[in-house]
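Okay, so here's the structure we're looking at.
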Amino acid sequence: MMPGSRGRALVTGATGLVGSHIVERLRNAGWSIRGLTRVPDTARWLGNDVELIAGDVLDSPSFITAAKSCDIVFHTAATVTGAGGWESYRSLNLDGTRNAIAAARSSGARLMHVSSVAVYGPGMRYQSGRFTAESASFESLSEDLYYARSKRDSEQAVLNAHAAGDIWATAIRPDIIYGRRDRQFVPRVARALRHGIVPLFGGGRSTLPIIHAKSVAEAAWLAATTDVAGGNAYNIANERPVTVREFVALAAEGLGHRVVGFPFPVPLANVFLRLAMPIIGLLRGRGLRAMSGNTINLLTRDNPFTSERAQHELGWTPAIDPAEGLPDAFRWWKDQEMQERRDRSRPQG
């Protein structure tokens with residue numbers, strides 16, 4: 001299947017960050033688009049050209065019906081913040097993926113699965129003297145790493161189905177995704193930056209593992225339409241090096257207010273974050289995850305991933321530069337929040 005051909009694709013999670021950008025990429029390619037959604041009326045904003053199918057990734061019959069006559073199934077639906085412990089992650093991320101495999105098998109469609117760099121585990125991503133590539137070994141995951149476990153198991157199910165000849169399948173492994181319609185990363189950072197001051201550990205010189213949703217959608221499209229991608233997984237983790245300092249400046253530009261960064265010694269990062277959490281509103285009780293060792297690594301160590309395989313085998317290149325994408329994402333979030341405030345302030349009835 002060549003990228004220039006036209007066909008019909010089903011997108012799960014079509015109203016989400018990655019799914020909605022895949023819809024845009026398919027539209028640009030002239031493809032017919034279906035979206036599997038539990039409440040079609042709430043997804044009309046995707047466009048009149050998107051055929052909305054009522055169903056759920058956890059309901060195999062509706063999934064199979066939605067995939068009928070499709071050439072590709074783009075499976076993006078997943079949870080990153082399961083509220084019910086392991087069962088909530090296992091249910092949507094693993095059982096939903098098994099249903100995606102069954103739907104692709106039934107329709108004869110290719111399956112493009114959105115995985116995550118979380119599959120490597122927190123200890124394997126930072127390797128001395130080299131970047132983490134797809135050839136890196138996986139470490140054992142502790143029981144409480146629910147998201148990583150669910151993404152590793154679901155990716156393996158997809159690749160096993162390809163290896164067994166049941167379906168044609170591929171997977172991509174993005175790192176931290178941002179962009180318009182982001183409900184996770186951008187909102188958390190934006191709320192922290194509201195205070196107007198932020199510590200820059202080590203002067204903010206480390207580079208962040210971030211990727212724009214538009215770049216992820218481009219990779220998903222290329223993987224799904226490139227024959228050599230069958231049975232393979234690809235890191236989608238590099239646009240260009242973006243330091244923490246540059247990231248803060250670009251986010252502040254989008255938010256439209258000044259944020260001052262002050263240098264802070266890396267050895268004191270853990271101490272500072274433990275003391276600062278109650279002040280800057282990053283406690284779990286405020287709806288955000290508590291800071292962890294992973295956060296310290298994120299803020300003090302360089303992006304550990306390489307996307308060379310995707311570049312060489314898929315011809316993938318980033319679809320947008322962070323100098324444009326980051327301010328746009330934070331500006332979009334600010335506009336949405338202001339609109340929600342106006343809506344809440346309107347008299348009811």
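Going through the structure tokens in order, the chains are called A, B, and so on, while each chain numbers its residues from 1 and the ligands are numbered from 1 in the order shown.
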
Which residues of segment 227-345 of chain A sit at most 8 Å from segment 168-175 of chain A, using only C-alpha atoms? Give each one's shortest atom pair and distance in Å (one decimal place), in chain and ascending residue order, as CSV.
```
residue,atom,partner,partner_atom,distance
A:Ala229,CA,A:Thr170,CA,5.9
A:Gly230,CA,A:Thr170,CA,5.1
A:Gly231,CA,A:Thr170,CA,5.3
A:Asn232,CA,A:Thr170,CA,5.4
A:Ala233,CA,A:Ala171,CA,4.5
A:Tyr234,CA,A:Ile172,CA,4.6
A:Asn235,CA,A:Arg173,CA,4.6
A:Ile236,CA,A:Pro174,CA,4.5
A:Ala237,CA,A:Asp175,CA,5.3
```

Atoms kept (N, CA and C atoms) for selection, written as a PDB file, in the first residue's frame:
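File produced: selection-v3.pdb:
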```
ATOM      1  N   ALA A 229       7.265  -1.712   7.208  1.00  0.00           N
ATOM      2  CA  ALA A 229       6.925  -1.459   8.612  1.00  0.00           C
ATOM      3  C   ALA A 229       6.200  -2.630   9.253  1.00  0.00           C
ATOM      4  N   GLY A 230       5.690  -3.558   8.456  1.00  0.00           N
ATOM      5  CA  GLY A 230       4.947  -4.687   8.995  1.00  0.00           C
ATOM      6  C   GLY A 230       5.755  -5.477  10.006  1.00  0.00           C
ATOM      7  N   GLY A 231       5.219  -5.654  11.198  1.00  0.00           N
ATOM      8  CA  GLY A 231       5.886  -6.412  12.248  1.00  0.00           C
ATOM      9  C   GLY A 231       6.890  -5.623  13.049  1.00  0.00           C
ATOM     10  N   ASN A 232       7.047  -4.339  12.746  1.00  0.00           N
ATOM     11  CA  ASN A 232       8.049  -3.508  13.413  1.00  0.00           C
ATOM     12  C   ASN A 232       7.403  -2.431  14.279  1.00  0.00           C
ATOM     13  N   ALA A 233       8.173  -1.944  15.241  1.00  0.00           N
ATOM     14  CA  ALA A 233       7.774  -0.809  16.075  1.00  0.00           C
ATOM     15  C   ALA A 233       8.820   0.282  15.918  1.00  0.00           C
ATOM     16  N   TYR A 234       8.379   1.525  15.971  1.00  0.00           N
ATOM     17  CA  TYR A 234       9.259   2.663  15.692  1.00  0.00           C
ATOM     18  C   TYR A 234       9.157   3.722  16.784  1.00  0.00           C
ATOM     19  N   ASN A 235      10.327   4.146  17.287  1.00  0.00           N
ATOM     20  CA  ASN A 235      10.356   5.300  18.189  1.00  0.00           C
ATOM     21  C   ASN A 235      10.015   6.558  17.402  1.00  0.00           C
ATOM     22  N   ILE A 236       9.098   7.348  17.927  1.00  0.00           N
ATOM     23  CA  ILE A 236       8.788   8.653  17.347  1.00  0.00           C
ATOM     24  C   ILE A 236       9.036   9.647  18.469  1.00  0.00           C
ATOM     25  N   ALA A 237      10.286  10.082  18.560  1.00  0.00           N
ATOM     26  CA  ALA A 237      10.703  10.746  19.793  1.00  0.00           C
ATOM     27  C   ALA A 237      11.597  11.956  19.595  1.00  0.00           C
TER      28      ALA A 237
END
```

Write down as a PDB file with C-alpha atoms, in the first residue's frame the residues of segment 160-329 of chain A whose backbone DSSP state falls under strand (DSSP E or B).
```pdb
ATOM      1  CA  ALA A 169       0.379  -4.775  11.813  1.00  0.00           C
ATOM      2  CA  THR A 170       2.872  -2.154  12.908  1.00  0.00           C
ATOM      3  CA  ALA A 171       3.348   0.094  15.937  1.00  0.00           C
ATOM      4  CA  ILE A 172       4.833   3.462  16.796  1.00  0.00           C
ATOM      5  CA  ARG A 173       6.260   4.514  20.155  1.00  0.00           C
ATOM      6  CA  PRO A 174       5.895   8.249  20.774  1.00  0.00           C
ATOM      7  CA  ILE A 176       5.545  12.891  25.507  1.00  0.00           C
ATOM      8  CA  ILE A 177       2.978  14.170  23.013  1.00  0.00           C
ATOM      9  CA  TYR A 178       1.762  17.743  22.900  1.00  0.00           C
ATOM     10  CA  ILE A 197       8.526  31.452  38.175  1.00  0.00           C
ATOM     11  CA  VAL A 198      10.055  28.051  37.528  1.00  0.00           C
ATOM     12  CA  PRO A 199      13.302  26.316  38.585  1.00  0.00           C
ATOM     13  CA  LEU A 200      15.706  25.409  35.800  1.00  0.00           C
ATOM     14  CA  PHE A 201      17.671  22.444  37.070  1.00  0.00           C
ATOM     15  CA  THR A 207      16.720  18.414  26.255  1.00  0.00           C
ATOM     16  CA  ILE A 210       8.616  15.719  23.427  1.00  0.00           C
ATOM     17  CA  ILE A 211       6.868  15.302  20.096  1.00  0.00           C
ATOM     18  CA  HIS A 212       3.995  17.157  18.432  1.00  0.00           C
ATOM     19  CA  ALA A 233       7.774  -0.809  16.075  1.00  0.00           C
ATOM     20  CA  TYR A 234       9.259   2.663  15.692  1.00  0.00           C
ATOM     21  CA  ASN A 235      10.356   5.300  18.189  1.00  0.00           C
ATOM     22  CA  ILE A 236       8.788   8.653  17.347  1.00  0.00           C
ATOM     23  CA  THR A 243      16.056  22.448  26.080  1.00  0.00           C
ATOM     24  CA  VAL A 260      11.059  33.706  34.963  1.00  0.00           C
ATOM     25  CA  GLY A 261      13.364  30.725  35.196  1.00  0.00           C
ATOM     26  CA  PHE A 262      16.007  30.570  37.891  1.00  0.00           C
ATOM     27  CA  PRO A 263      18.967  28.156  37.803  1.00  0.00           C
ATOM     28  CA  PHE A 264      18.915  25.434  40.424  1.00  0.00           C
ATOM     29  CA  PHE A 305      15.528   8.279  22.448  1.00  0.00           C
TER      30      PHE A 305
END
```

If we count only C-alpha atoms and set the cut-off at 12 Å, which residues sit around Gln336 of chain A, ignoring sequence neighbours fewer than 3 positions away in its own chain? Please answer as number ranges by chain.
A: 180-183, 187, 255, 329-333, 339-343

Can you tell me how far atom CA of Val57 of chain A sits from atom CA of Gly96 of chain A, in Å to one decimal?
5.0 Å

Apply DSSP to the structure's backbone, then extract all residues of segment 80-298 of chain A labelled alpha helix (DSSP H) and return them as number ranges by chain.
A: 86-89, 96-107, 146-163, 185-193, 213-224, 244-255, 269-280, 293-298

In terms of the shortest atom-to-atom distance over only C-alpha atoms, which of A:Pro318, A:Pro209, A:Gly16, A:Gly254 is closest to Val117 of chain A?
A:Pro209

Near-Ile101 of chain A list (9 Å; only C-alpha atoms; drop same-chain fewer than 6 positions) as number ranges by chain
A: 111, 157-158, 161, 166-167, 169

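Excluding Glu24 of chain A itself and any same-chain residue fewer than 5 positions from it, the protein and nucleic acid residues within 12 Å of it, counting only C-alpha atoms, are Val11, Ala14, Thr15, Leu17, Val18, Gly19, Ala29, Gly30, Trp31, Ser32, Ile33, Leu46, Gly47, Asp49, Val50, Ala213, Lys214, Ser215, Val216, Ala217, Glu218 and Trp221 of chain A.
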
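Between atom CA of Ser69 of chain A and atom CA of Leu222 of chain A the separation is 20.5 Å.
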